[in-house]
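Read the structure below first, then the notes.
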Amino acid sequence: MQNQESSFTVVPWEEVTLSNNYMFNKVMTSSPDLCRRFIEHLLHIKIERIDFATGEFTLEADAESRGVRLDVFVRDDSGLRAFDLEMQVANKKDLPERARYYQGLMDESDLKPDENYRKLKTSYVLFICLFDPFGFGLPVYTFQNRCDENPAVLLNDRSYKVFYNVQGWEKVEDREIKAIYRLILENRASTDFTGEIRTRMNYARHNVQWRQGYMTLARLRAEDREEAREEGIAQGERNAKLETAKNALAMGLSPAQAAQLTGLTQEEIAQL
């Protein structure tokens, strides 16, 4: 077996860019004003002040439900809006379902048992993707709930799901959003605001505690991937042995002969 220390590589903390969700977390949550303006640019809205922001905020309906860790969870000071920002590098083909689940948990965390449903906050789930999540070439995809029979009729449940395709930066008309896209994609600052983000990233790179946290997290994730890979290989080898044993039995070999051929136990052969 390959030595676990050399079976994976970690991008050095000094080379990590904003597209890394750990760096994204630290930049946004360590500077509420920067995070506020980041959301304002993406959504073309005005936010007076951020009341609450945290990195990898955990939401869970109950002990038997699947919990999620939101990259950056923000409420504005009005108490009427909530925002979840997610940096998404890999396309796992499950973003619509994840957005639906995240929004449901956000609503559950905001509404107290005795409160009216009208107290629900206007909620935004924002996925910033390094790929085109729907394949139509749009730089941004915004979804609200509409009536199938008449799309002009909105459900008006004040829930929004927005997916940003940074690969489509050339089609973006807004100068600041285009600059944000290019910063994420190319690590290049072209406006004062993206320059501020770059400065915050440099500050993060010199934070020893954050560097240690990044290395620990990266190592744990890589070891999880290695363990999953090894389990997959072992299961594949077992499936191949089972298939060989089935073929041997079909050809008239005895269970003992099939066991000797494949290395499976007599009990495993009997189960076939």
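In the structure tokens, each chain is lettered A, B, ... as it comes, each chain's residues begin at 1, and ligands are numbered from 1 in order of appearance.
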
task = Do a neighbour search on Gln271 in chain A at 12 Å with only C-alpha atoms, toss out local chain neighbours closer than 5 positions, and write the hits as JSON, numbers by chain.
result = {"A": [242, 245, 246, 255, 259, 264, 265, 266]}

Next, write the just-selected residues to a file, as a CSV table (one decimal), in the first residue's frame, keeping C-alpha atoms as the atom set.
```
chain,number,residue,atom,x,y,z
A,242,LEU,CA,-18.2,-13.2,-6.5
A,245,ALA,CA,-17.5,-17.9,-8.2
A,246,LYS,CA,-21.0,-17.6,-9.9
A,255,PRO,CA,-18.6,-25.1,-3.9
A,259,ALA,CA,-14.0,-21.3,-2.9
A,264,LEU,CA,-13.9,-16.8,-0.8
A,265,THR,CA,-15.1,-18.8,2.2
A,266,GLN,CA,-17.5,-21.7,2.0
```

message = Quick check for you: according to DSSP on this backbone, which residues of range 3-142 of chain A are classed as strand (DSSP E)? Reply as number ranges by chain.
response = A: 50-59, 68-76, 81-88, 122-129, 140-142

Store the residues picked out above, limited to N, CA and C atoms, as a compact mmCIF listing (two decimals), in the first residue's frame.
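Result file follows (result_0.txt):
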```txt
# COMPACT_ATOMS: atom_id res chain seq x y z
N ILE A 50 -24.13 44.11 8.20
CA ILE A 50 -24.28 42.69 8.46
C ILE A 50 -24.36 42.45 9.96
N ASP A 51 -25.39 41.77 10.36
CA ASP A 51 -25.62 41.52 11.78
C ASP A 51 -24.92 40.25 12.25
N PHE A 52 -24.75 39.29 11.32
CA PHE A 52 -24.21 37.99 11.72
C PHE A 52 -23.54 37.35 10.53
N ALA A 53 -22.33 36.88 10.72
CA ALA A 53 -21.63 36.17 9.66
C ALA A 53 -20.73 35.13 10.30
N THR A 54 -20.70 33.94 9.73
CA THR A 54 -19.83 32.91 10.27
C THR A 54 -19.38 31.98 9.17
N GLY A 55 -18.24 31.37 9.35
CA GLY A 55 -17.73 30.41 8.37
C GLY A 55 -18.18 29.01 8.70
N GLU A 56 -18.57 28.26 7.69
CA GLU A 56 -19.00 26.87 7.84
C GLU A 56 -19.98 26.71 8.99
N PHE A 57 -21.07 27.47 8.93
CA PHE A 57 -22.13 27.44 9.93
C PHE A 57 -22.93 26.14 9.78
N THR A 58 -23.10 25.41 10.87
CA THR A 58 -23.75 24.10 10.80
C THR A 58 -25.24 24.24 11.07
N LEU A 59 -26.04 23.63 10.18
CA LEU A 59 -27.49 23.57 10.34
C LEU A 59 -27.93 22.12 10.33
N VAL A 68 -25.84 20.18 7.42
CA VAL A 68 -25.02 20.81 6.38
C VAL A 68 -24.15 21.87 7.03
N ARG A 69 -23.02 22.15 6.38
CA ARG A 69 -22.12 23.21 6.84
C ARG A 69 -22.07 24.27 5.76
N LEU A 70 -22.71 25.38 6.01
CA LEU A 70 -22.75 26.47 5.05
C LEU A 70 -21.41 27.20 5.04
N ASP A 71 -20.91 27.53 3.86
CA ASP A 71 -19.62 28.21 3.76
C ASP A 71 -19.64 29.54 4.50
N VAL A 72 -20.58 30.41 4.14
CA VAL A 72 -20.72 31.71 4.80
C VAL A 72 -22.21 32.00 4.96
N PHE A 73 -22.66 32.16 6.19
CA PHE A 73 -24.08 32.42 6.47
C PHE A 73 -24.21 33.80 7.08
N VAL A 74 -25.04 34.64 6.48
CA VAL A 74 -25.11 36.06 6.83
C VAL A 74 -26.56 36.49 7.02
N ARG A 75 -26.80 37.30 8.04
CA ARG A 75 -28.08 38.00 8.19
C ARG A 75 -27.80 39.50 8.17
N ASP A 76 -28.70 40.27 7.56
CA ASP A 76 -28.50 41.72 7.61
C ASP A 76 -29.10 42.26 8.90
N ARG A 81 -33.57 39.57 6.13
CA ARG A 81 -32.94 38.85 5.03
C ARG A 81 -31.81 37.96 5.55
N ALA A 82 -31.67 36.79 4.91
CA ALA A 82 -30.59 35.87 5.24
C ALA A 82 -29.92 35.42 3.95
N PHE A 83 -28.61 35.22 4.00
CA PHE A 83 -27.84 34.89 2.82
C PHE A 83 -26.89 33.72 3.12
N ASP A 84 -26.84 32.79 2.19
CA ASP A 84 -25.85 31.72 2.26
C ASP A 84 -24.97 31.81 1.02
N LEU A 85 -23.65 31.93 1.19
CA LEU A 85 -22.71 31.99 0.08
C LEU A 85 -21.91 30.70 0.04
N GLU A 86 -21.90 30.05 -1.11
CA GLU A 86 -21.18 28.79 -1.28
C GLU A 86 -20.21 28.89 -2.45
N MET A 87 -18.96 28.56 -2.22
CA MET A 87 -17.97 28.48 -3.29
C MET A 87 -17.92 27.04 -3.78
N GLN A 88 -18.19 26.84 -5.08
CA GLN A 88 -18.32 25.49 -5.61
C GLN A 88 -17.31 25.27 -6.74
N THR A 122 -36.57 36.82 4.04
CA THR A 122 -36.25 36.68 2.62
C THR A 122 -34.89 36.00 2.55
N SER A 123 -34.82 34.88 1.84
CA SER A 123 -33.58 34.09 1.89
C SER A 123 -32.97 33.94 0.50
N TYR A 124 -31.65 34.00 0.48
CA TYR A 124 -30.88 33.85 -0.76
C TYR A 124 -29.83 32.75 -0.56
N VAL A 125 -29.83 31.78 -1.47
CA VAL A 125 -28.75 30.80 -1.52
C VAL A 125 -27.95 31.09 -2.78
N LEU A 126 -26.68 31.44 -2.60
CA LEU A 126 -25.83 31.88 -3.70
C LEU A 126 -24.71 30.86 -3.90
N PHE A 127 -24.70 30.19 -5.04
CA PHE A 127 -23.62 29.27 -5.39
C PHE A 127 -22.70 29.96 -6.41
N ILE A 128 -21.44 30.13 -6.04
CA ILE A 128 -20.45 30.72 -6.94
C ILE A 128 -19.66 29.56 -7.55
N CYS A 129 -19.89 29.29 -8.83
CA CYS A 129 -19.40 28.07 -9.47
C CYS A 129 -18.25 28.35 -10.43
N VAL A 140 -25.05 34.08 -15.06
CA VAL A 140 -25.77 33.95 -13.80
C VAL A 140 -27.15 33.36 -14.07
N TYR A 141 -27.61 32.51 -13.16
CA TYR A 141 -28.94 31.89 -13.25
C TYR A 141 -29.67 32.19 -11.94
N THR A 142 -30.79 32.93 -12.05
CA THR A 142 -31.57 33.30 -10.86
C THR A 142 -32.92 32.61 -10.91
```

ask   = Could you pull out all residues of range 4-207 of chain A with a DSSP call of helix (DSSP H, G or I) and give them as a PyMOL selection string?
value = chain A and resi 4-6+13-15+21-29+32-43+95-110+117-119+166-171+175-186+192-205

inquiry  = Env of range 157-166 of chain A: 9 Å cut, atoms = only C-alpha atoms, seq-sep filter 2 positions within chain, self excluded. Answer as a count of residues only.
reply    = 40

query = Between CA of Ser30 in chain A and CA of Ile197 in chain A, what is the distance, to one decimal in Å?
reply =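 A separation of 11.2 Å between them.
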
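Between CA of Leu18 in chain A and CA of Lys171 in chain A the interatomic distance comes to 21.1 Å.
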
inquiry  = I'd like the interatomic distance between CA of Cys35 in chain A and CA of Thr191 in chain A, to a tenth of an Å.
reply    = 16.0 Å
